[in-house]
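Content type CSV, C-alpha atoms and all ligand atoms, from the file my_file.csv:
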chain,number,residue,atom,x,y,z
A,1,MET,CA,-8.6,-17.4,-9.6
A,2,ASP,CA,-7.8,-14.2,-11.5
A,3,SER,CA,-6.2,-14.3,-14.9
A,4,PHE,CA,-2.5,-13.6,-15.0
A,5,GLN,CA,0.4,-13.5,-17.5
A,6,TYR,CA,2.7,-16.5,-17.5
A,7,THR,CA,6.3,-16.3,-18.7
A,8,ARG,CA,9.0,-19.0,-18.6
A,9,ALA,CA,12.3,-17.2,-18.0
A,10,ARG,CA,15.5,-18.7,-19.7
A,11,THR,CA,18.1,-16.8,-17.7
A,12,ILE,CA,18.4,-15.3,-14.2
A,13,THR,CA,18.8,-11.8,-15.8
A,14,GLU,CA,15.6,-12.3,-17.8
A,15,ALA,CA,13.7,-13.4,-14.7
A,16,ILE,CA,14.8,-10.5,-12.6
A,17,GLY,CA,14.3,-8.1,-15.6
A,18,ILE,CA,10.7,-9.3,-16.2
A,19,ALA,CA,9.9,-8.9,-12.4
A,20,ALA,CA,11.4,-5.4,-12.2
A,21,GLN,CA,9.7,-4.3,-15.4
A,22,ALA,CA,6.3,-5.5,-14.3
A,23,ASN,CA,6.7,-4.0,-10.9
A,24,THR,CA,7.5,-0.6,-12.4
A,25,ALA,CA,4.9,-0.7,-15.1
A,26,GLN,CA,2.1,-1.8,-12.8
A,27,GLN,CA,3.2,0.2,-9.8
A,28,GLY,CA,3.8,-2.6,-7.4
A,29,ALA,CA,1.2,-5.1,-8.7
A,30,PRO,CA,2.4,-8.5,-7.6
A,31,VAL,CA,4.8,-10.5,-9.7
A,32,ARG,CA,5.5,-14.0,-8.4
A,33,PHE,CA,8.2,-16.5,-9.3
A,34,LEU,CA,6.9,-20.0,-9.8
A,35,ALA,CA,9.1,-22.8,-8.5
A,36,GLY,CA,7.3,-26.1,-7.6
A,37,GLY,CA,4.0,-24.2,-7.2
A,38,THR,CA,2.8,-26.3,-4.2
A,39,THR,CA,2.3,-23.1,-2.2
A,40,LEU,CA,1.8,-20.5,-4.8
A,41,VAL,CA,-0.8,-22.2,-7.0
A,42,ASP,CA,-2.7,-23.4,-4.0
A,43,LEU,CA,-3.0,-19.9,-2.7
A,44,MET,CA,-3.9,-18.5,-6.2
A,45,LYS,CA,-6.8,-21.0,-6.3
A,46,LEU,CA,-8.0,-19.6,-3.0
A,47,ASP,CA,-7.6,-16.0,-4.2
A,48,VAL,CA,-5.2,-15.4,-1.4
A,49,GLU,CA,-2.3,-14.8,-3.9
A,50,ARG,CA,-3.4,-12.7,-6.9
A,51,PRO,CA,-0.3,-12.1,-9.0
A,52,THR,CA,-0.8,-10.3,-12.3
A,53,ARG,CA,2.3,-12.0,-13.7
A,54,VAL,CA,3.9,-15.4,-12.9
A,55,VAL,CA,7.5,-16.0,-13.9
A,56,ASP,CA,8.4,-19.6,-14.1
A,57,ILE,CA,12.0,-20.1,-12.9
A,58,ASN,CA,12.2,-23.9,-13.5
A,59,LYS,CA,14.5,-23.6,-16.5
A,60,LEU,CA,17.2,-21.4,-14.9
A,61,GLY,CA,19.5,-24.4,-14.1
A,62,LEU,CA,19.5,-23.6,-10.4
A,63,ASP,CA,19.1,-27.3,-9.5
A,64,ALA,CA,22.6,-28.4,-8.5
A,65,ILE,CA,24.0,-29.5,-5.1
A,66,GLU,CA,27.8,-28.8,-5.1
A,67,ARG,CA,30.7,-28.8,-2.6
A,68,THR,CA,32.2,-25.4,-2.0
A,69,ALA,CA,35.9,-24.8,-2.0
A,70,ASP,CA,35.9,-24.6,1.8
A,71,GLY,CA,34.1,-28.0,2.2
A,72,GLY,CA,30.6,-26.6,2.7
A,73,LEU,CA,27.6,-27.1,0.5
A,74,ARG,CA,26.0,-24.9,-2.2
A,75,ILE,CA,22.3,-25.8,-2.8
A,76,GLY,CA,20.6,-24.4,-5.9
A,77,ALA,CA,17.2,-22.7,-5.3
A,78,LEU,CA,15.4,-25.2,-7.5
A,79,VAL,CA,16.8,-28.4,-5.9
A,80,ARG,CA,13.8,-30.4,-5.0
A,81,ASN,CA,13.1,-31.2,-1.3
A,82,ALA,CA,13.4,-35.0,-2.0
A,83,ALA,CA,16.7,-34.6,-3.9
A,84,LEU,CA,18.2,-32.6,-1.0
A,85,ALA,CA,17.0,-34.9,1.7
A,86,HIS,CA,18.5,-37.9,0.0
A,87,ASP,CA,21.8,-36.3,-1.2
A,88,PRO,CA,24.7,-38.4,0.3
A,89,ALA,CA,26.6,-35.3,1.5
A,90,VAL,CA,23.5,-34.0,3.3
A,91,VAL,CA,22.6,-37.4,4.8
A,92,ARG,CA,26.2,-37.7,6.1
A,93,ASP,CA,27.2,-34.2,7.1
A,94,TYR,CA,23.9,-32.3,7.7
A,95,ARG,CA,21.6,-35.0,9.1
A,96,VAL,CA,19.3,-32.4,10.7
A,97,LEU,CA,18.5,-31.0,7.3
A,98,SER,CA,17.7,-34.4,5.8
A,99,GLU,CA,15.5,-35.3,8.8
A,100,ALA,CA,13.7,-32.0,8.7
A,101,LEU,CA,12.9,-32.3,5.0
A,102,LEU,CA,11.7,-35.9,5.3
A,103,SER,CA,9.3,-34.9,8.1
A,104,GLY,CA,7.5,-32.4,5.9
A,105,ALA,CA,4.5,-32.8,3.6
A,106,SER,CA,4.4,-36.1,1.6
A,107,ALA,CA,6.7,-38.0,-0.8
A,108,GLN,CA,4.8,-36.6,-3.8
A,109,LEU,CA,5.0,-33.0,-2.6
A,110,ARG,CA,8.7,-33.3,-1.7
A,111,ASN,CA,9.4,-34.5,-5.3
A,112,VAL,CA,8.0,-31.2,-6.6
A,113,ALA,CA,8.7,-28.7,-3.8
A,114,THR,CA,11.9,-26.7,-4.1
A,115,THR,CA,14.5,-25.3,-1.7
A,116,SER,CA,13.6,-21.6,-2.4
A,117,GLY,CA,9.8,-22.4,-2.4
A,118,ASN,CA,10.1,-24.1,1.0
A,119,LEU,CA,12.2,-21.2,2.4
A,120,LEU,CA,9.4,-18.8,1.3
A,121,GLN,CA,6.3,-20.9,1.9
A,122,ARG,CA,3.4,-18.9,3.5
A,123,THR,CA,1.8,-19.5,6.9
A,124,ARG,CA,-0.9,-22.2,7.4
A,125,CYS,CA,-3.0,-19.9,9.6
A,126,MET,CA,-6.5,-20.8,8.5
A,127,TYR,CA,-7.7,-17.2,8.5
A,128,PHE,CA,-4.9,-16.2,6.1
A,129,ARG,CA,-6.2,-18.9,3.7
A,130,ASN,CA,-9.8,-17.8,3.9
A,131,THR,CA,-10.6,-14.5,2.1
A,132,ALA,CA,-13.9,-14.1,4.1
A,133,MET,CA,-11.9,-13.5,7.3
A,134,ALA,CA,-10.0,-10.5,8.5
A,135,CYS,CA,-6.2,-11.0,8.2
A,136,ASN,CA,-3.5,-8.3,8.5
A,137,LYS,CA,-1.0,-10.5,6.7
A,138,ARG,CA,-3.3,-10.9,3.6
A,139,GLU,CA,-4.9,-7.5,3.8
A,140,PRO,CA,-2.9,-5.0,5.9
A,141,GLY,CA,-5.1,-3.1,8.4
A,142,SER,CA,-8.1,-5.5,8.2
A,143,GLY,CA,-7.4,-7.1,11.7
A,144,CYS,CA,-6.4,-10.5,13.0
A,145,SER,CA,-9.1,-13.1,13.3
A,146,ALA,CA,-6.8,-15.5,15.1
A,147,ILE,CA,-6.1,-13.5,18.2
A,148,ASP,CA,-9.6,-13.9,19.5
A,149,GLY,CA,-10.3,-16.9,17.4
A,150,GLU,CA,-8.9,-20.4,16.9
A,151,ASN,CA,-5.2,-20.2,17.7
A,152,ARG,CA,-4.3,-23.6,19.0
A,153,THR,CA,-1.6,-24.2,16.3
A,154,LEU,CA,-0.3,-20.6,16.2
A,155,ALA,CA,2.8,-18.9,17.7
A,156,ILE,CA,3.9,-18.3,21.3
A,157,LEU,CA,7.2,-16.5,20.4
A,158,GLY,CA,7.7,-13.3,18.3
A,159,THR,CA,4.0,-12.5,18.1
A,160,SER,CA,2.5,-9.0,17.9
A,161,SER,CA,-0.9,-7.5,18.4
A,162,HIS,CA,-1.2,-7.6,14.5
A,163,CYS,CA,-0.3,-11.3,13.8
A,164,ILE,CA,0.4,-14.5,15.7
A,165,ALA,CA,1.0,-16.8,12.7
A,166,THR,CA,3.8,-19.4,12.7
A,167,ASN,CA,6.4,-20.0,10.0
A,168,PRO,CA,5.4,-23.5,8.9
A,169,SER,CA,8.6,-24.8,7.3
A,170,ASP,CA,10.5,-27.7,8.8
A,171,MET,CA,13.5,-27.1,6.5
A,172,ASN,CA,13.8,-23.5,7.8
A,173,VAL,CA,14.3,-24.7,11.3
A,174,ALA,CA,17.3,-26.9,10.3
A,175,LEU,CA,18.8,-24.1,8.2
A,176,ALA,CA,18.5,-21.8,11.2
A,177,ALA,CA,20.5,-24.2,13.4
A,178,LEU,CA,23.0,-24.7,10.6
A,179,GLU,CA,23.4,-20.9,10.2
A,180,ALA,CA,22.9,-21.1,6.5
A,181,THR,CA,23.4,-18.1,4.1
A,182,ILE,CA,20.7,-17.1,1.5
A,183,HIS,CA,22.0,-15.8,-1.8
A,184,VAL,CA,19.8,-13.3,-3.7
A,185,GLN,CA,20.0,-11.6,-7.0
A,186,GLY,CA,17.8,-8.5,-7.8
A,187,THR,CA,17.8,-5.0,-9.2
A,188,ARG,CA,20.1,-4.0,-6.3
A,189,GLY,CA,22.7,-6.6,-7.4
A,190,ILE,CA,23.8,-9.8,-5.6
A,191,ARG,CA,23.4,-10.1,-1.8
A,192,ALA,CA,24.3,-12.8,0.8
A,193,ILE,CA,21.9,-12.7,3.8
A,194,ALA,CA,22.6,-14.6,7.0
A,195,PHE,CA,19.6,-16.9,7.7
A,196,GLN,CA,19.0,-15.3,11.1
A,197,ASP,CA,18.4,-11.9,9.3
A,198,PHE,CA,16.3,-13.3,6.4
A,199,HIS,CA,12.8,-13.8,8.0
A,200,LEU,CA,11.1,-10.9,9.8
A,201,VAL,CA,8.9,-11.0,12.9
A,202,PRO,CA,5.4,-9.5,12.2
A,203,GLY,CA,5.5,-6.3,14.3
A,204,ASP,CA,3.0,-4.0,12.7
A,205,THR,CA,3.8,-5.1,9.1
A,206,PRO,CA,2.9,-8.9,9.1
A,207,HIS,CA,2.6,-8.8,5.3
A,208,ARG,CA,6.4,-8.4,5.1
A,209,GLU,CA,7.8,-11.8,5.9
A,210,THR,CA,11.4,-11.5,4.7
A,211,VAL,CA,13.9,-8.9,3.8
A,212,LEU,CA,13.5,-9.6,0.1
A,213,GLU,CA,12.5,-6.6,-2.1
A,214,PRO,CA,10.0,-7.0,-4.9
A,215,GLY,CA,11.6,-8.9,-7.8
A,216,ASP,CA,14.5,-10.4,-5.7
A,217,LEU,CA,15.3,-13.9,-6.8
A,218,VAL,CA,16.8,-16.4,-4.4
A,219,THR,CA,19.5,-18.2,-6.4
A,220,HIS,CA,21.1,-20.6,-3.9
A,221,ILE,CA,21.8,-21.3,-0.2
A,222,THR,CA,25.2,-22.1,1.2
A,223,LEU,CA,26.1,-24.2,4.3
A,224,ALA,CA,29.4,-23.8,6.1
A,225,PRO,CA,31.5,-27.0,6.4
A,226,PRO,CA,30.1,-29.3,9.1
A,227,HIS,CA,31.4,-28.5,12.6
A,228,PRO,CA,34.1,-31.2,13.4
A,229,GLY,CA,32.7,-33.9,15.7
A,230,ALA,CA,29.2,-32.5,15.7
A,231,THR,CA,26.0,-34.6,15.5
A,232,SER,CA,22.7,-33.1,14.5
A,233,ARG,CA,19.0,-34.2,14.8
A,234,TYR,CA,15.5,-32.9,14.0
A,235,LEU,CA,12.5,-33.8,16.1
A,236,LYS,CA,9.0,-32.9,15.1
A,237,LEU,CA,5.9,-33.2,17.3
A,238,ARG,CA,2.5,-33.0,15.6
A,239,ASP,CA,-1.2,-34.0,15.9
A,240,ARG,CA,-0.6,-37.1,13.7
A,241,ALA,CA,2.5,-39.0,12.7
A,242,SER,CA,2.8,-37.9,9.1
A,243,TYR,CA,1.5,-35.3,6.6
A,244,GLU,CA,1.0,-32.7,9.3
A,245,PHE,CA,2.7,-29.4,10.3
A,246,ALA,CA,4.6,-29.1,13.5
A,247,LEU,CA,3.1,-28.1,16.8
A,248,ALA,CA,6.7,-27.9,18.1
A,249,SER,CA,9.9,-29.0,16.5
A,250,ALA,CA,13.6,-28.8,17.3
A,251,ALA,CA,16.8,-28.8,15.3
A,252,VAL,CA,20.0,-29.4,17.3
A,253,VAL,CA,23.6,-29.4,16.2
A,254,VAL,CA,25.9,-30.3,19.1
A,255,GLU,CA,29.5,-31.4,19.7
A,256,ALA,CA,30.3,-32.9,23.1
A,257,ALA,CA,33.8,-33.9,24.3
A,258,SER,CA,35.0,-35.2,27.7
A,259,GLY,CA,31.4,-35.2,29.0
A,260,ARG,CA,30.8,-31.5,28.2
A,261,PHE,CA,28.9,-29.6,25.5
A,262,ARG,CA,31.5,-27.8,23.3
A,263,TYR,CA,29.5,-26.5,20.4
A,264,VAL,CA,25.7,-25.9,20.5
A,265,ARG,CA,23.3,-24.6,17.9
A,266,LEU,CA,19.6,-24.8,18.5
A,267,ALA,CA,16.5,-23.7,16.6
A,268,MET,CA,12.8,-24.5,17.0
A,269,GLY,CA,9.7,-24.5,14.7
A,270,GLY,CA,5.9,-24.6,15.2
A,271,ILE,CA,6.1,-22.1,18.0
A,272,GLY,CA,7.6,-18.9,16.5
A,273,THR,CA,6.5,-16.3,13.9
A,274,LYS,CA,9.8,-17.1,12.2
A,275,PRO,CA,12.2,-20.0,12.5
A,276,TRP,CA,13.4,-19.5,16.1
A,277,ARG,CA,17.0,-19.6,17.1
A,278,MET,CA,17.4,-20.5,20.8
A,279,THR,CA,20.5,-18.5,21.7
A,280,ALA,CA,19.9,-18.2,25.4
A,281,ALA,CA,19.6,-22.0,25.7
A,282,GLU,CA,22.8,-22.4,23.6
A,283,GLN,CA,24.6,-20.3,26.2
A,284,VAL,CA,23.3,-22.4,29.0
A,285,LEU,CA,24.6,-25.6,27.4
A,286,THR,CA,28.0,-24.5,26.1
A,287,GLY,CA,30.6,-25.8,28.5
A,288,ALA,CA,27.9,-27.5,30.7
A,289,ALA,CA,28.1,-31.2,31.5
A,290,VAL,CA,26.1,-33.5,29.2
A,291,ASP,CA,23.4,-34.5,31.7
A,292,GLU,CA,19.7,-34.3,32.3
A,293,GLY,CA,20.0,-31.3,34.6
A,294,ALA,CA,21.7,-29.1,31.9
A,295,ILE,CA,19.3,-30.2,29.2
A,296,ARG,CA,16.2,-29.4,31.3
A,297,GLN,CA,17.6,-26.1,32.3
A,298,ALA,CA,18.3,-25.2,28.7
A,299,ALA,CA,14.7,-26.2,27.7
A,300,THR,CA,13.3,-24.0,30.4
A,301,VAL,CA,15.4,-21.0,29.4
A,302,ALA,CA,14.5,-21.5,25.8
A,303,LEU,CA,10.8,-20.9,26.4
A,304,ARG,CA,11.1,-18.2,29.1
A,305,ASP,CA,9.9,-15.5,26.7
A,306,ALA,CA,6.9,-17.5,25.5
A,307,ARG,CA,3.6,-15.6,25.3
A,308,PRO,CA,0.8,-18.2,24.8
A,309,GLN,CA,-2.5,-17.3,23.2
A,310,SER,CA,-5.9,-18.4,24.5
A,311,GLU,CA,-5.7,-21.9,23.2
A,312,ASN,CA,-2.0,-22.8,22.9
A,313,GLY,CA,-0.6,-22.7,26.4
A,314,PHE,CA,0.2,-26.4,26.0
A,315,LYS,CA,2.9,-25.5,23.5
A,316,VAL,CA,5.2,-24.2,26.2
A,317,GLU,CA,5.7,-27.6,27.9
A,318,LEU,CA,5.5,-29.4,24.6
A,319,ALA,CA,8.3,-27.3,23.1
A,320,GLN,CA,10.4,-27.8,26.3
A,321,ARG,CA,10.0,-31.5,26.0
A,322,CYS,CA,10.7,-31.4,22.3
A,323,LEU,CA,14.0,-29.5,22.7
A,324,ALA,CA,15.1,-31.7,25.6
A,325,HIS,CA,14.4,-34.9,23.8
A,326,ALA,CA,16.1,-33.7,20.6
A,327,LEU,CA,19.2,-33.0,22.7
A,328,ARG,CA,19.0,-36.5,24.3
A,329,LEU,CA,18.9,-38.0,20.8
A,330,ALA,CA,21.8,-35.9,19.5
A,331,THR,CA,24.0,-36.8,22.5
A,332,GLY,CA,23.1,-40.5,22.6
A,333,MET,CA,21.2,-40.2,25.9
A,334,ALA,CA,18.2,-41.6,24.1
A,335,SER,CA,17.8,-43.6,20.9
A,336,VAL,CA,14.2,-43.1,20.0
A,401,LIG,C1,-0.7,-30.7,1.9
A,401,LIG,C2,0.6,-30.0,2.2
A,401,LIG,C3,1.3,-30.4,3.3
A,401,LIG,C4,2.5,-29.8,3.6
A,401,LIG,N1,3.2,-30.2,4.8
A,401,LIG,C5,4.3,-29.5,5.1
A,401,LIG,C6,5.1,-29.9,6.2
A,401,LIG,O1,4.7,-30.7,7.0
A,401,LIG,N2,6.2,-29.2,6.5
A,401,LIG,C7,6.7,-28.2,5.6
A,401,LIG,O2,7.8,-27.7,5.9
A,401,LIG,N3,6.0,-27.9,4.5
A,401,LIG,C8,4.9,-28.5,4.2
A,401,LIG,N4,4.2,-28.1,3.1
A,401,LIG,C9,4.6,-27.0,2.4
A,401,LIG,C10,5.6,-27.4,1.3
A,401,LIG,O3,6.8,-27.7,1.9
A,401,LIG,C11,5.7,-26.1,0.4
A,401,LIG,O4,4.5,-26.0,-0.3
A,401,LIG,C12,6.9,-26.2,-0.6
A,401,LIG,O5,8.1,-26.4,0.0
A,401,LIG,C13,6.9,-24.9,-1.4
A,401,LIG,O6,7.9,-25.1,-2.5
A,401,LIG,P1,7.5,-24.8,-4.0
A,401,LIG,O7,8.7,-25.0,-4.8
A,401,LIG,O8,6.3,-25.6,-4.4
A,401,LIG,O9,7.1,-23.3,-3.8
A,401,LIG,P2,6.2,-22.3,-4.8
A,401,LIG,O10,4.8,-22.6,-4.4
A,401,LIG,O11,6.6,-22.4,-6.2
A,401,LIG,O12,6.7,-20.9,-4.2
A,401,LIG,C14,6.4,-20.5,-2.9
A,401,LIG,C15,6.7,-19.0,-2.8
A,401,LIG,O13,8.1,-18.8,-2.9
A,401,LIG,C16,8.3,-17.9,-4.0
A,401,LIG,N5,9.6,-18.4,-4.6
A,401,LIG,C17,9.9,-19.6,-5.0
A,401,LIG,N6,11.2,-19.7,-5.4
A,401,LIG,C18,11.7,-18.4,-5.3
A,401,LIG,C19,12.9,-17.9,-5.7
A,401,LIG,N7,13.9,-18.6,-6.1
A,401,LIG,N8,13.1,-16.6,-5.4
A,401,LIG,C20,12.1,-15.8,-5.0
A,401,LIG,N9,10.9,-16.3,-4.7
A,401,LIG,C21,10.7,-17.6,-4.9
A,401,LIG,C22,7.1,-18.0,-4.9
A,401,LIG,O14,6.9,-16.8,-5.6
A,401,LIG,C23,6.0,-18.2,-3.8
A,401,LIG,O15,5.6,-17.0,-3.3
A,401,LIG,C24,3.0,-28.8,2.8
A,401,LIG,C25,2.3,-28.4,1.6
A,401,LIG,C26,1.1,-29.0,1.3
A,401,LIG,C27,0.4,-28.6,0.1
A,402,LIG,S1,-2.4,-14.6,12.8
A,402,LIG,FE1,-1.6,-13.5,11.1
A,402,LIG,S2,-2.1,-14.8,9.3
A,402,LIG,FE2,-3.4,-15.4,11.0
A,402,LIG,S3,-5.3,-14.1,10.8
A,402,LIG,FE3,-3.9,-13.1,12.2
A,402,LIG,S4,-2.8,-11.7,10.8
A,402,LIG,FE4,-3.7,-13.2,9.5
Output the file's structure in the form of structure tokens.
Amino acid sequence: MDSFQYTRARTITEAIGIAAQANTAQQGAPVRFLAGGTTLVDLMKLDVERPTRVVDINKLGLDAIERTADGGLRIGALVRNAALAHDPAVVRDYRVLSEALLSGASAQLRNVATTSGNLLQRTRCMYFRNTAMACNKREPGSGCSAIDGENRTLAILGTSSHCIATNPSDMNVALAALEATIHVQGTRGIRAIAFQDFHLVPGDTPHRETVLEPGDLVTHITLAPPHPGATSRYLKLRDRASYEFALASAAVVVEAASGRFRYVRLAMGGIGTKPWRMTAAEQVLTGAAVDEGAIRQAATVALRDARPQSENGFKVELAQRCLAHALRLATGMASV
């Protein structure tokens, strides 16, 4: 690990100011905000992340979960994953988010990991985490070891010839289905970014994972009021039952009335280079009868653009089954 300067910021303005100043003075040398540290410190120990300055944001008071005036939820960036998963309003109104958080990592990690850190966690592609291997995300232009290498766990949607890594977060999949909004403060002022627009597909710049500019601080996330009558579920399929990243996962938010789907929001994880919204499948289901035929058709449509790699063709059917079963759980057609 390289040596770095550590600063504990006392206000948001100070945190942003330090990051902006360091970026200018050091001509883009990386500055990183430290939240729970469970991704950042890990990657610093591996020499994958090499910030010259680390700004601790734990004392900024961004750790509240509050009702918004319209009946939605405002989640501070530093709210811990465990606190969010067990918050009574989240358990009652946004079950998909609680289930997604509780399916991730371990109890100890969830006690430390934060909302903004989870949102911005880096890929688990093993070549990204190994500085002896070529990786365009870690070192632009160096190549991608995964395309002709071990890619069983990697993406089948949104890939490019430069990178095929998945976004590993469970929480992000739930936030995609809930159409969350990310609130950011930086030298360009305050911005609200729709979740769908926040993460980027790799294209030819896989090192750019979000629309954040250097020094931008995520301050909080907001959720719209829960859709009336909707139920929501998260289903995660993985190699072992706990403490493992998703091979495929599905977040579903649905309202059904008189035997028909009225409102449908779907997102999937473990298969896309970013949290993947399934809009074509949503269109198939909206207005359709709540039955096995419609669910299977939606699952087929959801994966029609999949482009498997040499070792992960199995993910197409796995993801279809995952989405179909999450829909059965949300509509009461299955209980486990
Ligand atoms: C063994 C292990 C197993 C895991 N399993 C899972 C799993 O199954 N599912 C899953 O979803 N996750 C899993 N994780 C990942 C875990 O969820 C993340 O490490 C955690 O959520 C990151 O949060 P943090 O607060 O520790 O982030 P940090 O490490 O502090 O930060 C992560 C990144 O976000 C940036 N950042 C943080 N906050 C802000 C902010 N407010 N504004 C701007 N930038 C910011 C940091 O600079 C850093 O680049 C696992 C992690 C480990 C170590
Ligand atoms: S898939 Fe992406 S993260 Fe993995 S080696 Fe290739 S460029 Fe790097």
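Distances to ligand LIG 402 (chain A) were evaluated for A:Asp216, A:Glu282, A:Asp93, A:Asp204 using all atoms listed in the file, and the minimum falls at A:Asp204.
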Give as a PyMOL selection string the residues surrounding ligand LIG 402 (chain A) up to a distance of 8 Å, considering all atoms listed in the file. chain A and resi 123-128+133-138+143-147+151+154+162-166+206
Pick the closest to Pro140 (chain A) from A:Phe314, A:Ile156, A:His207, A:Glu213: which is it, counting all atoms listed in the file?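 That would be A:His207, the residue with the smallest distance to Pro140 (chain A).
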What does the list of residues within 7 Å of ligand LIG 401 (chain A) look like if you count only C-alpha atoms and all ligand atoms, written as a ChimeraX atom specification? /A:32-41,77-78,101,103-106,109-110,112-118,120-121,168-171,216-219,243-246
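Here the question is which of A:Arg307, A:Lys315, A:Arg233, A:Lys59 gets nearest to Val91 (chain A) using all atoms listed in the file, and that residue is A:Arg233.
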Would you list the contacts of Phe4 (chain A) as a list in words, taking every protein, DNA or RNA residue within 8 Å and counting all atoms listed in the file, but skipping same-chain residues closer than 5 positions in sequence? Pro51, Thr52, Arg53 and Val54 of chain A
Please determine, counting all atoms listed in the file, which residue among A:Leu303, A:Ile18, A:Cys322, A:Leu266 has the shortest atom-to-atom distance to Leu175 (chain A).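 Among the listed residues, A:Leu266 lies closest to Leu175 (chain A).
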Tell me which of A:Ala9, A:Ala294, A:Ile16, A:Met1 sits closest to Gly189 (chain A), counting only C-alpha atoms.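 Closest to Gly189 (chain A) of all the choices is A:Ile16.
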Show which residues sit within 8 Å of Ala19 (chain A), as a PyMOL selection string. Count all atoms listed in the file, and ignore same-chain residues fewer than 4 positions away. chain A and resi 15+23+31-32+55+214-215
Could those residues be written to a file, using C-alpha atoms, as a short mmCIF file (atom, residue, chain, number, x, y, z; two decimals), in the coordinates of the input?
data_model
loop_
_atom_site.label_atom_id
_atom_site.label_comp_id
_atom_site.auth_asym_id
_atom_site.auth_seq_id
_atom_site.Cartn_x
_atom_site.Cartn_y
_atom_site.Cartn_z
CA ALA A 15 13.70 -13.40 -14.70
CA ASN A 23 6.70 -4.00 -10.90
CA VAL A 31 4.80 -10.50 -9.70
CA ARG A 32 5.50 -14.00 -8.40
CA VAL A 55 7.50 -16.00 -13.90
CA PRO A 214 10.00 -7.00 -4.90
CA GLY A 215 11.60 -8.90 -7.80
#
Computed interatomic separation between CA of Arg188 (chain A) and CA of Val211 (chain A) (Å):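 Result for CA of Arg188 (chain A) versus CA of Val211 (chain A): 12.8 Å, one decimal.
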Considering all atoms listed in the file, can you say which of A:Ala132, A:Asn58, A:Gln21, A:Ile221 comes closest to Leu119 (chain A)?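 Among A:Ala132, A:Asn58, A:Gln21, A:Ile221, it is A:Ile221 that comes nearest to Leu119 (chain A).
Between CA of Ile182 (chain A) and CA of Leu73 (chain A) there is a distance of 12.2 Å.
Here CA of Ala69 (chain A) stands at a distance of 28.7 Å from CA of Thr210 (chain A).
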Quick one: residues within 6 Å of Ala177 (chain A), all atoms listed in the file counted, chain neighbours fewer than 3 positions away excluded, as a list in words?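 Here the answer would be Ala174, Arg265, Leu266 and Ala267 of chain A.
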May I have the residues within 10 Å of Asp148 (chain A) as a list in words, using all atoms listed in the file and disregarding those fewer than 6 positions away in the same chain?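 So, after excluding close chain neighbours, the residues are Gln309, Ser310 and Glu311 of chain A.
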So which residues touch Ala326 (chain A) within 8 Å, counting all atoms listed in the file, skipping near sequence neighbours fewer than 4 positions away, as a list in words?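 My reading of the contact set: Arg233, Tyr234, Leu235, Ala250, Ala251, Val252, Cys322 and Ala330 of chain A.
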